[in-house]
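Next comes query.csv, with CSV, C-alpha atoms.
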```csv
chain,number,residue,atom,x,y,z
A,1,MET,CA,15.5,65.2,-0.5
A,2,PRO,CA,15.5,61.8,-2.3
A,3,ASP,CA,14.0,61.9,-5.8
A,4,THR,CA,11.2,59.4,-5.2
A,5,ASP,CA,8.4,58.5,-7.6
A,6,VAL,CA,6.1,60.7,-5.4
A,7,SER,CA,8.3,63.7,-5.8
A,8,ARG,CA,8.6,63.0,-9.5
A,9,LEU,CA,4.8,62.8,-9.7
A,10,LYS,CA,4.4,66.2,-8.0
A,11,ARG,CA,7.0,67.7,-10.3
A,12,ALA,CA,5.2,66.2,-13.4
A,13,TYR,CA,1.9,67.7,-12.2
A,14,VAL,CA,3.3,71.2,-11.6
A,15,ASN,CA,5.2,71.2,-14.9
A,16,GLU,CA,2.0,70.1,-16.7
A,17,LYS,CA,-0.1,72.7,-14.9
A,18,CYS,CA,2.3,75.5,-15.7
A,19,ALA,CA,3.3,74.7,-19.3
A,20,PRO,CA,1.2,76.3,-22.0
A,21,GLU,CA,1.5,73.1,-24.2
A,22,ILE,CA,0.8,69.5,-23.3
A,23,LEU,CA,3.9,67.6,-22.2
A,24,PRO,CA,4.8,64.0,-23.0
A,25,PHE,CA,2.7,61.6,-20.9
A,26,GLU,CA,4.7,60.1,-18.0
A,27,SER,CA,3.7,56.5,-18.7
A,28,ASP,CA,6.4,54.7,-16.8
A,29,LEU,CA,6.1,56.9,-13.8
A,30,MET,CA,2.3,56.7,-13.7
A,31,ARG,CA,2.4,52.9,-14.0
A,32,ARG,CA,4.9,52.6,-11.1
A,33,VAL,CA,2.9,54.9,-8.9
A,34,THR,CA,-0.4,53.2,-9.6
A,35,GLU,CA,1.1,49.7,-8.9
A,36,SER,CA,2.7,51.0,-5.7
A,37,VAL,CA,-0.5,52.7,-4.5
A,38,ASP,CA,-2.6,49.6,-5.2
A,39,ALA,CA,-0.1,47.4,-3.3
A,40,GLN,CA,0.0,49.7,-0.3
A,41,GLU,CA,-3.7,50.0,-0.2
A,42,SER,CA,-4.0,46.2,0.1
A,43,THR,CA,-1.4,46.3,2.9
A,44,VAL,CA,-3.3,49.0,4.7
A,45,ALA,CA,-6.6,47.1,4.4
A,46,ALA,CA,-4.9,44.0,5.8
A,47,SER,CA,-3.5,46.0,8.7
A,48,ARG,CA,-6.9,47.4,9.6
A,49,ALA,CA,-8.4,44.0,9.5
A,50,ALA,CA,-5.8,42.7,11.9
A,51,ALA,CA,-5.9,45.8,14.2
A,52,GLY,CA,-9.1,44.7,15.9
A,53,SER,CA,-7.3,42.0,17.9
A,54,GLY,CA,-4.3,42.2,20.2
A,55,ALA,CA,-3.0,44.8,22.6
A,56,SER,CA,-1.3,46.8,19.8
A,57,GLY,CA,-4.5,47.2,17.9
A,58,ALA,CA,-4.9,50.9,18.5
A,59,THR,CA,-1.4,51.7,17.5
A,60,ASP,CA,-1.7,49.6,14.3
A,61,ASP,CA,-5.0,51.3,13.5
A,62,LEU,CA,-3.4,54.8,13.9
A,63,THR,CA,-0.5,53.8,11.6
A,64,ALA,CA,-3.0,52.5,9.0
A,65,HIS,CA,-4.9,55.8,9.1
A,66,VAL,CA,-1.6,57.7,8.6
A,67,HIS,CA,-0.7,55.5,5.6
A,68,HIS,CA,-4.2,55.8,4.2
A,69,ALA,CA,-4.0,59.6,4.4
A,70,GLU,CA,-0.7,59.6,2.5
A,71,LEU,CA,-2.2,57.3,-0.2
A,72,ASN,CA,-5.1,59.7,-0.6
A,73,ARG,CA,-2.6,62.5,-1.1
A,74,ILE,CA,-0.9,60.6,-3.9
A,75,ARG,CA,-4.2,59.7,-5.5
A,76,PHE,CA,-5.1,63.4,-5.5
A,77,LEU,CA,-1.9,64.2,-7.3
A,78,MET,CA,-2.6,61.5,-9.9
A,79,ARG,CA,-6.1,62.7,-10.5
A,80,ALA,CA,-4.9,66.4,-10.7
A,81,TYR,CA,-2.3,65.3,-13.3
A,82,TYR,CA,-4.9,63.5,-15.4
A,83,ARG,CA,-7.4,66.3,-15.2
A,84,THR,CA,-4.8,68.9,-16.2
A,85,ARG,CA,-3.9,67.0,-19.3
A,86,LEU,CA,-7.6,66.4,-20.2
A,87,ARG,CA,-8.3,70.1,-19.9
A,88,LYS,CA,-5.5,70.8,-22.3
A,89,ILE,CA,-6.7,68.2,-24.7
A,90,GLU,CA,-10.2,69.6,-24.7
A,91,THR,CA,-8.8,73.1,-25.3
A,92,HIS,CA,-6.5,72.1,-28.2
A,93,ALA,CA,-8.1,68.8,-29.4
A,94,THR,CA,-7.9,69.6,-33.1
A,95,HIS,CA,-4.3,70.8,-32.7
A,96,CYS,CA,-3.4,67.5,-31.0
A,97,LEU,CA,-4.8,65.5,-33.9
A,98,LYS,CA,-3.3,67.7,-36.6
A,99,ASP,CA,0.2,67.8,-35.2
A,100,PRO,CA,1.9,64.3,-35.1
A,101,ASP,CA,4.5,65.5,-32.6
A,102,VAL,CA,1.8,66.6,-30.1
A,103,PHE,CA,-0.3,63.5,-30.8
A,104,SER,CA,2.7,61.3,-29.9
A,105,ARG,CA,2.9,62.9,-26.5
A,106,LEU,CA,-0.6,61.5,-25.5
A,107,SER,CA,-1.2,58.2,-23.9
A,108,ASP,CA,-3.3,55.6,-25.9
A,109,LEU,CA,-6.4,56.5,-23.8
A,110,GLU,CA,-5.8,60.3,-24.3
A,111,GLN,CA,-5.4,59.8,-28.1
A,112,ALA,CA,-8.7,57.9,-28.2
A,113,PHE,CA,-10.3,60.7,-26.1
A,114,ALA,CA,-8.9,63.5,-28.3
A,115,SER,CA,-10.3,61.7,-31.4
A,116,GLU,CA,-13.7,61.1,-29.9
A,117,TYR,CA,-14.0,64.6,-28.5
A,118,THR,CA,-13.1,66.2,-31.8
A,119,ASN,CA,-15.7,64.0,-33.6
A,120,ILE,CA,-18.4,65.0,-31.1
A,121,VAL,CA,-17.6,68.7,-31.5
A,122,GLU,CA,-17.7,68.4,-35.3
A,123,GLU,CA,-21.0,66.5,-35.2
A,124,HIS,CA,-22.4,69.2,-32.9
A,125,PHE,CA,-21.6,72.0,-35.4
A,126,LEU,CA,-22.4,70.0,-38.5
A,127,SER,CA,-26.0,71.0,-38.7
A,128,VAL,CA,-25.0,74.7,-38.6
A,129,LEU,CA,-22.0,74.5,-40.8
A,130,GLY,CA,-23.9,72.6,-43.5
A,131,GLN,CA,-26.1,75.7,-44.0
A,132,MET,CA,-23.1,78.1,-44.4
A,133,PRO,CA,-22.0,79.4,-47.9
A,134,ASP,CA,-19.0,77.8,-49.6
A,135,GLY,CA,-15.8,78.6,-47.8
A,136,TYR,CA,-17.4,79.0,-44.4
A,137,GLU,CA,-18.3,75.4,-43.6
A,138,SER,CA,-14.9,74.4,-42.1
A,139,THR,CA,-14.1,74.5,-38.3
A,140,VAL,CA,-10.4,74.4,-39.0
A,141,GLN,CA,-9.7,76.5,-42.0
A,142,GLN,CA,-10.8,79.9,-43.1
A,143,ILE,CA,-8.1,81.0,-45.5
A,144,ILE,CA,-6.6,78.5,-48.0
A,145,GLU,CA,-2.8,78.9,-47.4
A,146,GLU,CA,0.0,77.6,-49.5
A,147,ASP,CA,1.5,75.5,-46.7
A,148,GLY,CA,-1.8,73.9,-45.9
A,149,ALA,CA,-1.9,75.4,-42.4
A,150,PHE,CA,-5.1,75.2,-40.4
A,151,ASP,CA,-5.5,78.9,-39.6
A,152,MET,CA,-8.6,78.5,-37.3
A,153,VAL,CA,-7.1,75.8,-35.0
A,154,PRO,CA,-6.0,77.4,-31.7
A,155,GLU,CA,-2.5,76.5,-30.6
A,156,PRO,CA,-0.7,76.8,-27.3
A,157,ASP,CA,1.1,80.1,-26.8
A,158,SER,CA,4.8,79.2,-26.7
A,159,ASP,CA,5.7,82.9,-26.0
A,160,ALA,CA,3.7,82.9,-22.8
A,161,HIS,CA,5.8,83.8,-19.7
A,162,VAL,CA,6.4,81.2,-17.1
A,163,PHE,CA,8.2,80.9,-13.8
A,164,CYS,CA,10.9,78.2,-13.4
A,165,ARG,CA,13.5,77.1,-11.0
A,166,VAL,CA,16.9,75.9,-12.2
A,167,ARG,CA,17.7,72.3,-11.0
A,168,GLU,CA,21.3,72.2,-11.9
A,169,ASP,CA,24.3,74.4,-12.7
A,170,ARG,CA,24.4,75.0,-16.5
A,171,GLY,CA,26.8,77.9,-16.8
A,172,ASP,CA,26.3,80.3,-19.7
A,173,VAL,CA,23.4,78.9,-21.8
A,174,MET,CA,22.2,80.2,-25.2
A,175,LEU,CA,18.5,80.5,-24.8
A,176,ASP,CA,17.4,81.5,-28.3
A,177,PRO,CA,18.9,79.7,-31.3
A,178,ASP,CA,17.8,82.6,-33.5
A,179,ASP,CA,19.7,85.0,-31.3
A,180,PRO,CA,23.2,83.6,-30.3
A,181,GLU,CA,23.9,86.6,-28.1
A,182,ASN,CA,20.9,85.9,-26.0
A,183,THR,CA,22.6,83.9,-23.2
A,184,MET,CA,22.1,83.6,-19.5
A,185,ASP,CA,24.3,82.2,-16.7
A,186,LEU,CA,22.1,79.5,-15.0
A,187,GLU,CA,22.9,78.3,-11.5
A,188,ARG,CA,21.1,75.8,-9.4
A,189,ASP,CA,18.0,77.3,-7.5
A,190,ASP,CA,17.9,80.4,-9.7
A,191,ILE,CA,14.3,81.5,-10.3
A,192,LEU,CA,13.4,83.0,-13.6
A,193,MET,CA,10.4,84.5,-15.3
A,194,ILE,CA,10.9,83.8,-19.0
A,195,ARG,CA,9.2,83.0,-22.3
A,196,TYR,CA,8.3,79.3,-22.3
A,197,ARG,CA,9.9,78.6,-25.7
A,198,LEU,CA,13.3,79.8,-24.4
A,199,ILE,CA,13.4,77.2,-21.7
A,200,LYS,CA,11.4,74.4,-23.4
A,201,LYS,CA,14.6,72.4,-24.2
A,202,LEU,CA,15.9,72.8,-20.6
A,203,LEU,CA,12.5,71.5,-19.3
A,204,GLU,CA,12.8,68.5,-21.6
A,205,GLU,CA,16.3,67.9,-20.3
A,206,GLU,CA,15.0,68.2,-16.7
A,207,ALA,CA,17.4,71.0,-16.1
A,208,VAL,CA,14.5,73.3,-14.9
A,209,ASP,CA,11.1,72.9,-13.2
A,210,LEU,CA,8.2,75.1,-13.8
A,211,MET,CA,6.5,76.7,-10.8
```
Let me see the structure of the file written as structure tokens.
Amino acid sequence: MPDTDVSRLKRAYVNEKCAPEILPFESDLMRRVTESVDAQESTVAASRAAAGSGASGATDDLTAHVHHAELNRIRFLMRAYYRTRLRKIETHATHCLKDPDVFSRLSDLEQAFASEYTNIVEEHFLSVLGQMPDGYESTVQQIIEEDGAFDMVPEPDSDAHVFCRVREDRGDVMLDPDDPENTMDLERDDILMIRYRLIKKLLEEEAVDLM
């Protein structure tokens, strides 16, 4: 099957849905798909307008309906991809803002949304937190730790188990840098259930797909 932008979009959506953390935003892919869908919708609209005249009008109209259904399917995948990312941002909004690496994975609009969402939540709790004793008024820190960690900020569980399919032969792969003996022979189309952190690098390299 050719690796088209639509197949990449579906893969990006499934990976995003199954990964416990938010993945880098597919900016180039989403731009290309959006431009392609907009152009095709204009073509379909023109075909429908022209289908009312001529002997082949019924055939042209049927073709336009088929193309329109396919465009709706692509639009659905795009909306699902965006909704999945927004859900993750809402769940870990503060974590997104506190961790520069995670923040860099968001699009410009998502970064603005995360900032505004966090501000709204903080304002919502401000009236209550302002009445709390010293040391209990923070929504991100309960214990002052030496490394400055925010102990009350929920983070994605990188040890969560996920299912994945291997996309290419990799041979004997060391999965855990902390355990050099923890290796696995990966062949194309192998299906694994494994801790997310052990295949995160392979996912970044597009050597595996979540499922």
Legend entry - Contact residues around Arg167 in chain A with all atoms listed in the file at 9 Å, ignoring same-chain residues under 6 positions, as a PyMOL selection string: chain A and resi 187-190+206-209
Inset, instruction - Scan for residues within 6 Å of the point (-5.5, 52.7, 6.6) in the coordinates of the file, using only C-alpha atoms, and reply as a count of residues only. - result: 5
Legend entry - For Tyr196 in chain A, the nearest of the candidates A:Arg170, A:Arg11, A:His161, A:Lys88, counting only C-alpha atoms: A:His161
Legend entry - Pairwise distance for CA of Asn119 in chain A and CA of Val153 in chain A, rounded to one decimal in Å: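 Here the two named atoms are 14.7 Å from each other.
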Inset, instruction - Considering all atoms listed in the file, state which residue in the set A:Lys17, A:Arg31, A:Arg197, A:Arg165 is at the smallest distance from Thr84 in chain A. - result: A:Lys17
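Considering the residues A:Glu21, A:Glu35, A:Cys164, A:Leu126 and counting only C-alpha atoms, Leu203 in chain A has its shortest atom-to-atom contact with A:Cys164.
Here CA of Thr63 in chain A and CA of Val6 in chain A stand 19.5 Å from one another.
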Legend entry - CA of Thr118 in chain A to CA of His92 in chain A, straight-line distance in Å: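 Spanning CA of His92 in chain A to CA of Thr118 in chain A is a straight-line distance of 9.6 Å.
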Legend entry - Nearest residue to Phe103 in chain A from the set A:Ile191, A:Ala46, A:Ala69, A:Ile89 (distances using all atoms listed in the file):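 Using all atoms listed in the file, Phe103 in chain A sits closest to A:Ile89.
The shell of residues at most 12 Å from Arg73 in chain A, with all atoms listed in the file counted and near chain neighbours (fewer than 5 positions) removed, consists of Val6, Ser7, Leu9, Lys10, Val37, Val66, His67, His68, Met78, Arg79 and Ala80 of chain A.
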